[in-house]
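The data block below is run.txt; it holds compact mmCIF, C-alpha atoms and all ligand atoms.
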# COMPACT_ATOMS: atom_id res chain seq x y z
CA MET A 1 -89.11 -55.62 -32.63
CA THR A 2 -85.84 -53.72 -32.45
CA PRO A 3 -85.51 -51.02 -29.84
CA MET A 4 -85.19 -47.46 -31.17
CA THR A 5 -82.01 -46.79 -29.26
CA SER A 6 -79.63 -49.17 -27.59
CA ALA A 7 -79.26 -48.69 -23.85
CA PRO A 8 -76.05 -46.99 -22.75
CA PRO A 9 -73.57 -49.37 -21.17
CA PRO A 10 -74.26 -49.67 -17.46
CA ARG A 11 -72.11 -47.44 -15.31
CA PRO A 12 -69.48 -49.47 -13.41
CA LEU A 13 -70.22 -49.81 -9.71
CA LEU A 14 -66.66 -49.23 -8.58
CA ASN A 15 -65.58 -45.64 -9.02
CA ARG A 16 -62.73 -44.64 -11.31
CA ARG A 17 -60.32 -43.95 -8.46
CA LEU A 18 -60.50 -47.58 -7.31
CA ALA A 19 -61.14 -49.35 -10.62
CA GLU A 20 -57.59 -50.64 -10.95
CA PHE A 21 -57.64 -52.19 -7.47
CA GLY A 22 -60.12 -55.04 -8.01
CA THR A 23 -59.10 -57.93 -5.76
CA THR A 24 -55.71 -58.48 -4.25
CA ILE A 25 -53.32 -61.26 -5.20
CA PHE A 26 -53.38 -62.29 -1.52
CA ALA A 27 -56.99 -63.46 -1.85
CA GLU A 28 -56.15 -65.55 -4.93
CA MET A 29 -53.02 -67.08 -3.43
CA SER A 30 -54.59 -67.80 -0.05
CA ALA A 31 -57.48 -69.57 -1.81
CA LEU A 32 -54.92 -71.58 -3.77
CA ALA A 33 -53.12 -72.48 -0.52
CA LEU A 34 -56.42 -73.76 0.91
CA SER A 35 -57.46 -75.78 -2.13
CA THR A 36 -54.03 -77.41 -2.57
CA GLY A 37 -53.01 -77.72 1.10
CA ALA A 38 -49.86 -75.75 0.33
CA ILE A 39 -47.75 -73.98 2.97
CA ASN A 40 -48.65 -70.31 2.79
CA LEU A 41 -45.54 -68.14 2.69
CA GLY A 42 -47.52 -65.53 0.80
CA GLN A 43 -49.11 -63.20 3.31
CA GLY A 44 -46.97 -61.60 6.03
CA PHE A 45 -48.48 -62.50 9.37
CA PRO A 46 -46.85 -64.52 12.16
CA ASP A 47 -48.31 -67.97 12.89
CA THR A 48 -47.74 -67.54 16.64
CA ASP A 49 -49.20 -64.81 18.83
CA GLY A 50 -47.18 -62.19 20.66
CA PRO A 51 -46.20 -62.12 24.36
CA GLU A 52 -48.59 -63.80 26.78
CA GLU A 53 -48.41 -60.86 29.22
CA VAL A 54 -49.57 -58.50 26.49
CA ARG A 55 -52.51 -60.76 25.65
CA GLU A 56 -53.34 -60.89 29.37
CA ALA A 57 -53.14 -57.10 29.57
CA ALA A 58 -55.84 -56.94 26.88
CA VAL A 59 -58.02 -59.38 28.82
CA ARG A 60 -57.56 -57.30 31.98
CA ALA A 61 -58.53 -54.13 30.15
CA LEU A 62 -61.68 -55.81 28.78
CA ARG A 63 -62.64 -57.16 32.24
CA ASP A 64 -61.90 -53.86 34.00
CA GLY A 65 -64.04 -51.99 31.52
CA ARG A 66 -61.17 -49.95 30.08
CA GLY A 67 -61.70 -49.11 26.43
CA ASN A 68 -65.01 -50.92 25.97
CA GLN A 69 -66.63 -47.61 25.06
CA TYR A 70 -65.30 -45.05 22.57
CA PRO A 71 -61.80 -44.15 23.68
CA PRO A 72 -60.61 -40.53 23.22
CA GLY A 73 -60.21 -39.52 19.56
CA PRO A 74 -56.40 -39.16 19.65
CA GLY A 75 -56.01 -42.47 21.53
CA VAL A 76 -55.96 -43.35 25.23
CA PRO A 77 -53.48 -41.18 27.19
CA GLU A 78 -51.62 -44.26 28.50
CA LEU A 79 -50.80 -45.39 24.96
CA ARG A 80 -49.90 -41.91 23.68
CA THR A 81 -47.53 -41.50 26.61
CA ALA A 82 -46.00 -44.93 25.94
CA ILE A 83 -45.51 -44.12 22.23
CA ALA A 84 -43.78 -40.83 23.08
CA ALA A 85 -41.59 -42.60 25.66
CA HIS A 86 -40.67 -45.26 23.06
CA GLN A 87 -39.61 -42.65 20.49
CA GLU A 88 -37.55 -40.84 23.12
CA ARG A 89 -35.93 -43.99 24.55
CA THR A 90 -35.21 -45.64 21.21
CA TYR A 91 -34.30 -42.68 19.01
CA GLY A 92 -33.95 -39.62 21.24
CA LEU A 93 -36.98 -38.06 19.50
CA ALA A 94 -39.18 -36.07 21.88
CA TYR A 95 -42.91 -35.85 21.10
CA ASP A 96 -45.65 -34.32 23.22
CA PRO A 97 -48.16 -37.13 23.86
CA ASP A 98 -51.06 -34.64 23.80
CA THR A 99 -50.34 -32.80 20.55
CA GLU A 100 -47.80 -34.85 18.61
CA VAL A 101 -49.10 -38.44 18.85
CA LEU A 102 -52.19 -39.95 17.23
CA VAL A 103 -53.40 -43.55 17.60
CA THR A 104 -54.87 -45.12 14.44
CA ALA A 105 -56.52 -48.34 13.26
CA GLY A 106 -53.20 -49.89 12.30
CA ALA A 107 -50.55 -48.36 10.09
CA THR A 108 -52.95 -48.84 7.18
CA GLU A 109 -55.35 -46.19 8.47
CA ALA A 110 -52.44 -43.93 9.38
CA ILE A 111 -51.21 -44.08 5.75
CA ALA A 112 -54.68 -43.49 4.30
CA ALA A 113 -55.48 -40.64 6.70
CA SER A 114 -52.10 -38.96 6.07
CA LEU A 115 -52.59 -39.00 2.30
CA LEU A 116 -56.24 -37.92 2.48
CA ALA A 117 -55.23 -35.06 4.77
CA LEU A 118 -52.12 -33.80 2.99
CA VAL A 119 -52.68 -34.41 -0.73
CA GLU A 120 -54.79 -32.26 -3.06
CA PRO A 121 -56.18 -33.86 -6.23
CA GLY A 122 -53.44 -33.70 -8.87
CA ASP A 123 -50.54 -33.53 -6.42
CA GLU A 124 -47.68 -35.90 -7.19
CA VAL A 125 -46.69 -38.42 -4.55
CA ILE A 126 -43.37 -40.21 -4.88
CA ALA A 127 -43.25 -43.78 -3.55
CA LEU A 128 -40.49 -46.36 -3.66
CA GLU A 129 -41.32 -49.18 -6.08
CA PRO A 130 -42.03 -52.01 -5.36
CA TYR A 131 -44.52 -50.52 -2.88
CA TYR A 132 -46.77 -51.89 -0.15
CA ASP A 133 -50.14 -52.46 -1.81
CA SER A 134 -52.16 -49.96 0.24
CA TYR A 135 -49.97 -47.03 -0.89
CA ALA A 136 -51.26 -47.01 -4.46
CA ALA A 137 -54.88 -47.25 -3.34
CA SER A 138 -54.50 -44.54 -0.69
CA ILE A 139 -52.81 -42.17 -3.13
CA ALA A 140 -55.64 -42.84 -5.57
CA LEU A 141 -58.34 -42.23 -2.95
CA ALA A 142 -56.70 -38.89 -2.18
CA GLY A 143 -56.75 -38.03 -5.91
CA GLY A 144 -52.96 -37.91 -6.01
CA LYS A 145 -50.73 -38.99 -8.87
CA ARG A 146 -48.35 -41.79 -7.98
CA VAL A 147 -44.76 -41.39 -9.13
CA PRO A 148 -42.76 -44.56 -8.54
CA VAL A 149 -39.00 -44.58 -8.00
CA THR A 150 -37.74 -48.10 -8.53
CA LEU A 151 -35.42 -49.97 -6.16
CA ARG A 152 -33.13 -52.19 -8.24
CA PRO A 153 -31.15 -55.32 -7.38
CA SER A 154 -27.43 -54.72 -7.05
CA THR A 155 -24.59 -57.10 -7.82
CA GLU A 156 -23.70 -57.49 -4.15
CA GLY A 157 -27.32 -58.56 -3.43
CA GLY A 158 -30.26 -56.65 -2.03
CA PHE A 159 -32.22 -53.82 -3.61
CA HIS A 160 -30.97 -50.25 -3.73
CA LEU A 161 -32.35 -46.76 -4.15
CA ASP A 162 -30.79 -44.60 -6.86
CA LEU A 163 -30.69 -41.15 -5.23
CA ASP A 164 -30.23 -39.42 -8.60
CA GLU A 165 -33.42 -41.08 -9.82
CA LEU A 166 -35.22 -39.86 -6.71
CA ARG A 167 -33.91 -36.33 -7.24
CA ALA A 168 -35.02 -36.42 -10.88
CA ALA A 169 -38.52 -37.59 -9.93
CA VAL A 170 -39.24 -34.44 -7.91
CA THR A 171 -41.18 -31.81 -9.88
CA ASP A 172 -42.94 -28.57 -8.99
CA ARG A 173 -46.09 -30.63 -8.50
CA THR A 174 -44.52 -33.05 -5.99
CA ARG A 175 -46.24 -32.66 -2.64
CA LEU A 176 -45.09 -35.65 -0.70
CA LEU A 177 -42.59 -38.43 -0.44
CA LEU A 178 -44.04 -41.72 0.82
CA LEU A 179 -41.15 -43.68 2.27
CA ASN A 180 -40.86 -47.15 3.77
CA THR A 181 -37.85 -48.41 5.67
CA PRO A 182 -37.28 -51.25 6.50
CA HIS A 183 -38.86 -51.86 3.11
CA ASN A 184 -41.57 -54.38 2.22
CA PRO A 185 -41.18 -56.41 -0.01
CA THR A 186 -37.44 -56.06 -0.70
CA GLY A 187 -36.14 -56.03 2.91
CA THR A 188 -33.99 -52.98 2.13
CA VAL A 189 -33.03 -50.88 5.16
CA LEU A 190 -32.06 -47.37 4.06
CA SER A 191 -28.70 -46.35 5.50
CA ARG A 192 -27.97 -43.24 7.52
CA GLU A 193 -26.22 -41.75 4.46
CA GLU A 194 -29.15 -42.50 2.14
CA LEU A 195 -31.62 -41.04 4.64
CA ALA A 196 -29.49 -37.91 5.04
CA ALA A 197 -29.57 -37.46 1.26
CA ILE A 198 -33.35 -37.99 1.15
CA ALA A 199 -33.77 -35.48 3.97
CA ALA A 200 -31.68 -32.94 2.04
CA ILE A 201 -33.90 -33.40 -1.04
CA ALA A 202 -37.06 -32.98 1.07
CA VAL A 203 -35.75 -29.78 2.65
CA GLU A 204 -34.45 -28.34 -0.62
CA ARG A 205 -37.67 -29.05 -2.52
CA ASP A 206 -39.93 -28.32 0.47
CA LEU A 207 -41.62 -31.74 0.47
CA LEU A 208 -43.70 -33.39 3.13
CA VAL A 209 -42.65 -36.93 4.00
CA VAL A 210 -44.80 -39.79 5.25
CA THR A 211 -42.56 -42.58 6.48
CA ASP A 212 -43.82 -46.10 7.18
CA GLU A 213 -41.56 -47.67 9.81
CA VAL A 214 -43.68 -50.66 10.90
CA TYR A 215 -40.60 -52.95 10.73
CA GLU A 216 -38.47 -50.60 12.87
CA HIS A 217 -37.63 -53.41 15.32
CA LEU A 218 -36.99 -56.04 12.63
CA VAL A 219 -33.57 -54.98 11.37
CA PHE A 220 -31.08 -57.86 11.10
CA ASP A 221 -28.14 -56.06 9.49
CA GLY A 222 -27.47 -52.36 10.00
CA GLU A 223 -29.71 -50.04 11.99
CA HIS A 224 -33.06 -48.33 11.75
CA VAL A 225 -32.82 -44.54 11.76
CA PRO A 226 -36.08 -42.55 11.67
CA LEU A 227 -36.12 -39.93 8.93
CA ALA A 228 -37.64 -37.49 11.43
CA SER A 229 -34.30 -37.39 13.29
CA PHE A 230 -32.46 -35.57 10.45
CA PRO A 231 -32.04 -31.78 10.37
CA GLY A 232 -35.09 -29.97 9.06
CA MET A 233 -37.23 -33.13 9.04
CA ARG A 234 -39.14 -33.05 12.30
CA GLU A 235 -41.50 -30.33 11.05
CA ARG A 236 -42.19 -32.01 7.68
CA THR A 237 -42.33 -35.71 8.57
CA VAL A 238 -45.28 -37.89 9.54
CA THR A 239 -43.79 -41.01 11.12
CA ILE A 240 -45.99 -44.11 11.14
CA SER A 241 -45.60 -47.34 13.06
CA SER A 242 -47.77 -50.10 14.43
CA ALA A 243 -48.01 -52.79 17.09
CA GLY A 244 -48.83 -55.48 14.53
CA LYS A 245 -45.32 -56.43 13.43
CA THR A 246 -43.45 -55.37 16.60
CA PHE A 247 -45.63 -57.43 18.96
CA SER A 248 -47.00 -60.13 16.62
CA PHE A 249 -50.61 -59.03 17.05
CA THR A 250 -51.49 -58.09 13.48
CA GLY A 251 -55.21 -58.62 14.16
CA TRP A 252 -55.41 -55.93 16.83
CA LYS A 253 -54.80 -53.08 14.37
CA VAL A 254 -53.20 -50.63 16.75
CA GLY A 255 -51.05 -48.13 14.85
CA TRP A 256 -49.84 -44.60 15.43
CA VAL A 257 -48.56 -41.37 13.96
CA THR A 258 -45.97 -39.03 15.44
CA GLY A 259 -45.16 -35.58 14.06
CA SER A 260 -45.44 -31.85 14.63
CA PRO A 261 -48.71 -30.56 16.13
CA ALA A 262 -49.77 -29.14 12.75
CA LEU A 263 -49.15 -32.41 10.89
CA VAL A 264 -50.80 -34.56 13.56
CA ALA A 265 -53.83 -32.24 13.66
CA ALA A 266 -54.13 -32.52 9.87
CA VAL A 267 -53.97 -36.32 9.91
CA ARG A 268 -56.49 -36.41 12.76
CA SER A 269 -58.92 -34.36 10.64
CA ALA A 270 -59.10 -37.23 8.16
CA LYS A 271 -58.78 -40.07 10.67
CA GLN A 272 -61.76 -38.91 12.75
CA PHE A 273 -64.10 -39.56 9.82
CA LEU A 274 -62.56 -42.88 8.76
CA THR A 275 -62.85 -44.85 12.01
CA TYR A 276 -63.10 -42.07 14.64
CA VAL A 277 -61.55 -44.51 17.16
CA SER A 278 -60.72 -48.23 17.35
CA ALA A 279 -59.30 -51.11 19.41
CA GLY A 280 -60.11 -49.58 22.84
CA PRO A 281 -58.93 -52.37 25.21
CA PHE A 282 -56.02 -53.27 22.92
CA GLN A 283 -54.68 -49.73 23.21
CA TYR A 284 -54.13 -50.29 26.95
CA ALA A 285 -52.39 -53.61 26.26
CA ILE A 286 -50.05 -52.06 23.68
CA ALA A 287 -49.21 -49.27 26.16
CA GLU A 288 -47.83 -52.04 28.40
CA ALA A 289 -46.16 -53.81 25.47
CA LEU A 290 -44.19 -50.71 24.51
CA ALA A 291 -42.72 -50.68 28.02
CA LEU A 292 -41.39 -54.26 27.72
CA PRO A 293 -37.66 -54.57 28.48
CA GLU A 294 -35.14 -54.20 25.65
CA SER A 295 -34.63 -57.98 25.73
CA TYR A 296 -38.11 -58.47 24.24
CA PHE A 297 -37.25 -56.39 21.17
CA THR A 298 -33.82 -57.93 20.63
CA GLY A 299 -35.27 -61.43 21.21
CA LEU A 300 -37.91 -60.91 18.51
CA ARG A 301 -35.27 -59.62 16.11
CA ASP A 302 -32.84 -62.48 16.78
CA ASP A 303 -35.62 -65.07 16.37
CA LEU A 304 -36.63 -63.62 13.00
CA ARG A 305 -33.01 -63.27 11.87
CA ALA A 306 -32.52 -67.01 12.42
CA LYS A 307 -35.71 -67.68 10.44
CA ARG A 308 -34.49 -65.43 7.64
CA ASP A 309 -31.24 -67.40 7.52
CA LEU A 310 -33.06 -70.74 7.50
CA LEU A 311 -35.37 -69.79 4.63
CA ALA A 312 -32.63 -67.96 2.70
CA ALA A 313 -30.44 -71.08 2.77
CA GLY A 314 -33.37 -73.27 1.68
CA LEU A 315 -34.30 -70.97 -1.20
CA THR A 316 -30.67 -70.88 -2.35
CA ASP A 317 -30.53 -74.68 -2.20
CA ALA A 318 -33.68 -74.80 -4.30
CA GLY A 319 -31.86 -72.86 -7.03
CA LEU A 320 -33.38 -69.42 -6.54
CA THR A 321 -31.28 -66.26 -6.39
CA VAL A 322 -31.83 -64.82 -2.93
CA HIS A 323 -31.73 -61.08 -2.29
CA ARG A 324 -30.88 -61.27 1.38
CA PRO A 325 -33.13 -58.83 3.27
CA ALA A 326 -31.60 -56.60 5.97
CA GLY A 327 -34.99 -56.38 7.68
CA THR A 328 -38.77 -57.18 7.62
CA TYR A 329 -40.64 -60.49 7.30
CA PHE A 330 -39.77 -61.15 3.63
CA ILE A 331 -37.20 -62.54 1.23
CA THR A 332 -37.32 -61.48 -2.41
CA THR A 333 -35.94 -64.04 -4.85
CA ASP A 334 -35.13 -63.96 -8.55
CA ILE A 335 -36.52 -66.94 -10.48
CA ARG A 336 -34.35 -66.42 -13.56
CA SER A 337 -31.74 -68.72 -12.03
CA LEU A 338 -34.34 -71.49 -12.50
CA GLY A 339 -34.71 -70.55 -16.16
CA GLU A 340 -38.07 -68.86 -15.52
CA SER A 341 -39.04 -65.22 -15.92
CA ASP A 342 -42.75 -64.81 -15.16
CA GLY A 343 -43.33 -64.49 -11.41
CA PHE A 344 -47.12 -64.66 -11.84
CA ALA A 345 -46.98 -67.96 -13.69
CA PHE A 346 -44.39 -69.27 -11.23
CA CYS A 347 -46.56 -68.41 -8.19
CA ARG A 348 -49.74 -69.78 -9.77
CA SER A 349 -48.04 -73.13 -10.43
CA LEU A 350 -45.90 -73.38 -7.28
CA PRO A 351 -48.63 -74.80 -4.99
CA GLU A 352 -49.33 -77.62 -7.46
CA ARG A 353 -45.65 -78.26 -8.19
CA VAL A 354 -44.23 -78.34 -4.66
CA GLY A 355 -46.94 -77.28 -2.18
CA VAL A 356 -45.73 -73.77 -1.30
CA VAL A 357 -47.41 -70.40 -1.83
CA ALA A 358 -45.44 -67.22 -2.59
CA ILE A 359 -46.33 -63.78 -3.99
CA PRO A 360 -45.22 -62.38 -7.36
CA ASN A 361 -43.55 -59.02 -6.67
CA ALA A 362 -44.95 -57.64 -9.95
CA VAL A 363 -48.15 -56.81 -8.03
CA PHE A 364 -46.13 -54.18 -6.14
CA TYR A 365 -44.91 -52.46 -9.34
CA ASP A 366 -46.25 -50.01 -11.89
CA HIS A 367 -43.40 -51.12 -14.14
CA LYS A 368 -44.61 -54.74 -14.29
CA ASP A 369 -41.66 -55.77 -16.46
CA GLU A 370 -39.20 -54.59 -13.79
CA GLY A 371 -40.92 -56.73 -11.16
CA ALA A 372 -41.68 -59.78 -13.34
CA PRO A 373 -38.85 -62.14 -12.26
CA PHE A 374 -39.13 -61.46 -8.52
CA VAL A 375 -41.05 -63.59 -6.03
CA ARG A 376 -41.56 -62.91 -2.31
CA PHE A 377 -41.52 -65.50 0.49
CA ALA A 378 -42.47 -64.70 4.13
CA PHE A 379 -40.39 -66.19 6.96
CA CYS A 380 -42.47 -65.02 9.96
CA LYS A 381 -43.55 -68.64 10.52
CA GLN A 382 -42.67 -71.39 12.99
CA VAL A 383 -39.37 -73.18 12.38
CA PRO A 384 -40.98 -76.58 11.56
CA VAL A 385 -43.21 -74.85 8.99
CA LEU A 386 -40.18 -73.21 7.37
CA GLU A 387 -38.26 -76.52 7.45
CA GLU A 388 -41.12 -78.31 5.72
CA ALA A 389 -41.37 -75.52 3.14
CA VAL A 390 -37.61 -75.77 2.49
CA ALA A 391 -37.87 -79.56 2.07
CA ARG A 392 -40.68 -79.12 -0.44
CA LEU A 393 -38.86 -76.39 -2.37
CA LYS A 394 -35.92 -78.76 -2.90
CA ARG A 395 -38.16 -80.60 -5.42
CA LEU A 396 -38.04 -77.60 -7.74
C1 LIG B 401 -48.05 -54.83 7.49
C2 LIG B 401 -47.71 -53.51 6.92
C3 LIG B 401 -48.54 -52.39 7.17
C4 LIG B 401 -49.88 -52.51 7.85
O1 LIG B 401 -49.83 -52.36 9.21
P1 LIG B 401 -51.15 -52.51 10.07
O2 LIG B 401 -50.75 -51.97 11.38
O3 LIG B 401 -51.51 -53.96 10.09
O4 LIG B 401 -52.23 -51.71 9.42
C5 LIG B 401 -48.14 -51.16 6.67
N1 LIG B 401 -46.99 -51.03 5.98
C6 LIG B 401 -46.21 -52.06 5.70
C7 LIG B 401 -44.96 -51.85 4.90
C8 LIG B 401 -46.54 -53.35 6.14
O5 LIG B 401 -45.77 -54.39 5.81
Could you render the structure from this file as structure tokens?
Ligand SMILES: *Cc1c(COP(=O)(O)O)cnc(C)c1O
Amino acid sequence: MTPMTSAPPPRPLLNRRLAEFGTTIFAEMSALALSTGAINLGQGFPDTDGPEEVREAAVRALRDGRGNQYPPGPGVPELRTAIAAHQERTYGLAYDPDTEVLVTAGATEAIAASLLALVEPGDEVIALEPYYDSYAASIALAGGKRVPVTLRPSTEGGFHLDLDELRAAVTDRTRLLLLNTPHNPTGTVLSREELAAIAAIAVERDLLVVTDEVYEHLVFDGEHVPLASFPGMRERTVTISSAGKTFSFTGWKVGWVTGSPALVAAVRSAKQFLTYVSAGPFQYAIAEALALPESYFTGLRDDLRAKRDLLAAGLTDAGLTVHRPAGTYFITTDIRSLGESDGFAFCRSLPERVGVVAIPNAVFYDHKDEGAPFVRFAFCKQVPVLEEAVARLKRL
């Protein structure tokens, strides 16, 4: 018997907005690290925890019953006050802890909530390419159209933003600029001059800016300048940061937003229905962490700078072209100096060949061909781990 009509193809479970974001490369590469026993320099998390006194502060909060029930929606007052004090002390930016600071479930939620709050379906959102993987998904969830502006390697090393290309990418439909400095994965730290030019574009074209500054304390060369500090920017900029990278507690997921009352209220409108609140006791601990002496922040930076230098030298020795990062946890390399050109193939074979896992930068690009020869290695690992990785890479 043949059926009269054939059944329509089953409707895909995953909706159209998310269809292109199946599973991340991190899952594949971490599984490969496990099955081969390779050293995992793929994902960017430290392999040692942050300061003992901060961990103890979290234990104290738990024991004292602070934050074990729903904390206030905007975040506990102690943390909001500490965030405002940090912005004032570090950058001279004054924010009212009650109306201009919002605590989020990591920077990731802050990014998602900002885009969901500020973007209408069809709005264009400009993001620097290669981009952090959650940007594309968050823009898609908000119904926005992603417009990548590509950072390109320069002859003197490092990746650079072409300001003319950025200017040309702005259209009448552009709503928002999604910025990231220090930049993951390239390690680019935008200079004061570049930021001033970006600010001028935002003001001239009346754009909102969401700026991801989670690596603000991990700048090895140059300085971190918040975009919100430029003329005309305070009222149009949502600044995002997080305790994860600054205090080496990526599992706690304590992030925050600072901005004008109107912007923070808008982001809170979305945030309250994503998680409502999170990380109660950890919020108290991070309030104490933000008040650590300056020596903590410079110590973390100097430690990671030395690790950058160690891994950069090892990767150079192994025959890779190193694009020395000015900040972050990551080094981007170019594999063409090894006579190879496909970063995916390189990363899939690297664990078997030498016992190291890295990430193909192409996953952070819309223009896959632009990203093809680049491969990212994380150096936020203990020195002996990096030394062993360097020894293994020499076999390349
Ligand atoms: C790690 C990272 C984040 C995520 O921060 P969480 O606080 O862990 O959510 C956001 N942006 C960039 C660029 C990152 O590297």
Could you work out an axis-aligned bounding box for all listed atoms of ligand LIG 401 (chain B), with 3 Å added on each of the six sides, and give its centre and edge lengths in Å to one decimal, as lines of an AutoDock Vina configuration file?
center_x = -48.6
center_y = -52.9
center_z = 8.1
size_x = 13.3
size_y = 9.8
size_z = 12.5
Exercise. Residues at most 7 Å from region 325-334 of chain A, counting only C-alpha atoms, excluding those fewer than 2 positions away in the same chain, as a ChimeraX atom specification?
Worked result: /A:44,158,182-189,215,218-221,320-323,336-337,373-380
For this session: Go ahead and compute the interatomic distance for CA of Ala228 (chain A) and CA of Thr181 (chain A), in Å to one decimal.
Result: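 One can read the CA of Ala228 (chain A) to CA of Thr181 (chain A) distance as 12.3 Å.
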Exercise. Smallest atom-to-atom distance to ligand LIG 401 (chain B): which of A:Ser229, A:Gln272, A:Thr246, A:Asn361, using only C-alpha atoms and all ligand atoms?
Worked result: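 Comparing A:Ser229, A:Gln272, A:Thr246, A:Asn361 against ligand LIG 401 (chain B), the winner is A:Thr246.
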For this session: Would you kindly return, as an MDAnalysis selection string, each protein, DNA or RNA residue with an atom no farther than 8 Å from any atom of Thr211 (chain A), considering only C-alpha atoms and excluding same-chain residues fewer than 4 positions away?
Result: chainID A and resid 178:181 227 237:240
Could you turn the residues from that selection into a file that holds C-alpha atoms, as a PDB file, keeping the file's coordinate frame?
ATOM      1  CA  LEU A 178     -44.040 -41.720   0.820  1.00  0.00           C
ATOM      2  CA  LEU A 179     -41.150 -43.680   2.270  1.00  0.00           C
ATOM      3  CA  ASN A 180     -40.860 -47.150   3.770  1.00  0.00           C
ATOM      4  CA  THR A 181     -37.850 -48.410   5.670  1.00  0.00           C
ATOM      5  CA  LEU A 227     -36.120 -39.930   8.930  1.00  0.00           C
ATOM      6  CA  THR A 237     -42.330 -35.710   8.570  1.00  0.00           C
ATOM      7  CA  VAL A 238     -45.280 -37.890   9.540  1.00  0.00           C
ATOM      8  CA  THR A 239     -43.790 -41.010  11.120  1.00  0.00           C
ATOM      9  CA  ILE A 240     -45.990 -44.110  11.140  1.00  0.00           C
TER      10      ILE A 240
END
Exercise. Would you name the residues within 9 Å of ligand LIG 401 (chain B), counting only C-alpha atoms and all ligand atoms, and put them as number ranges by chain?
Worked result: A: 44-45, 104-111, 131-135, 180-185, 212-215, 240-245, 249-256, 328-329
Exercise. Looking at A:Leu310, A:Ala199, A:Ala31, A:Ile25, which one is nearest to Ala391 (chain A), with distances taken over all atoms listed in the file?
Worked result: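 Looking only at the distances to Ala391 (chain A), the closest residue turns out to be A:Leu310.
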Residues of region 39-130 of chain A that have any atom at most 8 Å from an atom of region 144-153 of chain A: could you tabulate them with the shortest-distance atom pair and the distance in Å to one decimal, using only C-alpha atoms, ordered by chain and increasing number, as a tab-separated table?
residue	atom	partner	partner_atom	distance
A:Val119	CA	A:Gly144	CA	6.3
A:Glu120	CA	A:Gly144	CA	6.6
A:Pro121	CA	A:Gly144	CA	5.2
A:Gly122	CA	A:Gly144	CA	5.1
A:Asp123	CA	A:Gly144	CA	5.0
A:Glu124	CA	A:Lys145	CA	4.7
A:Val125	CA	A:Arg146	CA	5.1
A:Ile126	CA	A:Val147	CA	4.6
A:Ala127	CA	A:Pro148	CA	5.1
A:Leu128	CA	A:Val149	CA	4.9
A:Glu129	CA	A:Thr150	CA	4.5
A:Pro130	CA	A:Thr150	CA	6.6
Problem set entry | Top pick for closest residue to Pro231 (chain A), considering A:Ala136, A:Ala196, A:Val257, A:Ala265 and counting all atoms listed in the file |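 Looking at the shortest contact to Pro231 (chain A), the residue is A:Ala196.
Nearest to Gly299 (chain A) of all the residues A:Arg55, A:Phe247, A:Tyr91, A:Ala82 is A:Phe247, counting all atoms listed in the file.
The coordinates place CA of Ala313 (chain A) at 13.3 Å from CA of Val383 (chain A).
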Give me region 260-271 of chain A with N, CA and C atoms filled in, as an mmCIF file, in the coordinates of the input.
data_model
loop_
_atom_site.group_PDB
_atom_site.id
_atom_site.type_symbol
_atom_site.label_atom_id
_atom_site.label_comp_id
_atom_site.auth_asym_id
_atom_site.auth_seq_id
_atom_site.Cartn_x
_atom_site.Cartn_y
_atom_site.Cartn_z
ATOM 1 N N SER A 260 -45.209 -33.185 14.046
ATOM 2 C CA SER A 260 -45.440 -31.850 14.630
ATOM 3 C C SER A 260 -46.929 -31.697 14.941
ATOM 4 N N PRO A 261 -47.288 -30.775 15.829
ATOM 5 C CA PRO A 261 -48.710 -30.560 16.130
ATOM 6 C C PRO A 261 -49.544 -30.272 14.879
ATOM 7 N N ALA A 262 -48.993 -29.483 13.954
ATOM 8 C CA ALA A 262 -49.770 -29.140 12.750
ATOM 9 C C ALA A 262 -50.019 -30.377 11.888
ATOM 10 N N LEU A 263 -48.987 -31.206 11.715
ATOM 11 C CA LEU A 263 -49.150 -32.410 10.890
ATOM 12 C C LEU A 263 -50.111 -33.395 11.557
ATOM 13 N N VAL A 264 -49.944 -33.600 12.860
ATOM 14 C CA VAL A 264 -50.800 -34.560 13.560
ATOM 15 C C VAL A 264 -52.256 -34.082 13.547
ATOM 16 N N ALA A 265 -52.461 -32.771 13.705
ATOM 17 C CA ALA A 265 -53.830 -32.240 13.660
ATOM 18 C C ALA A 265 -54.435 -32.465 12.276
ATOM 19 N N ALA A 266 -53.625 -32.301 11.234
ATOM 20 C CA ALA A 266 -54.130 -32.520 9.870
ATOM 21 C C ALA A 266 -54.526 -33.975 9.673
ATOM 22 N N VAL A 267 -53.665 -34.898 10.087
ATOM 23 C CA VAL A 267 -53.970 -36.320 9.910
ATOM 24 C C VAL A 267 -55.207 -36.704 10.730
ATOM 25 N N ARG A 268 -55.335 -36.109 11.915
ATOM 26 C CA ARG A 268 -56.490 -36.410 12.760
ATOM 27 C C ARG A 268 -57.791 -35.950 12.091
ATOM 28 N N SER A 269 -57.721 -34.845 11.329
ATOM 29 C CA SER A 269 -58.920 -34.360 10.640
ATOM 30 C C SER A 269 -59.489 -35.420 9.708
ATOM 31 N N ALA A 270 -58.621 -36.163 9.043
ATOM 32 C CA ALA A 270 -59.100 -37.230 8.160
ATOM 33 C C ALA A 270 -59.447 -38.478 8.969
ATOM 34 N N LYS A 271 -58.601 -38.835 9.891
ATOM 35 C CA LYS A 271 -58.780 -40.070 10.670
ATOM 36 C C LYS A 271 -60.110 -40.107 11.419
#
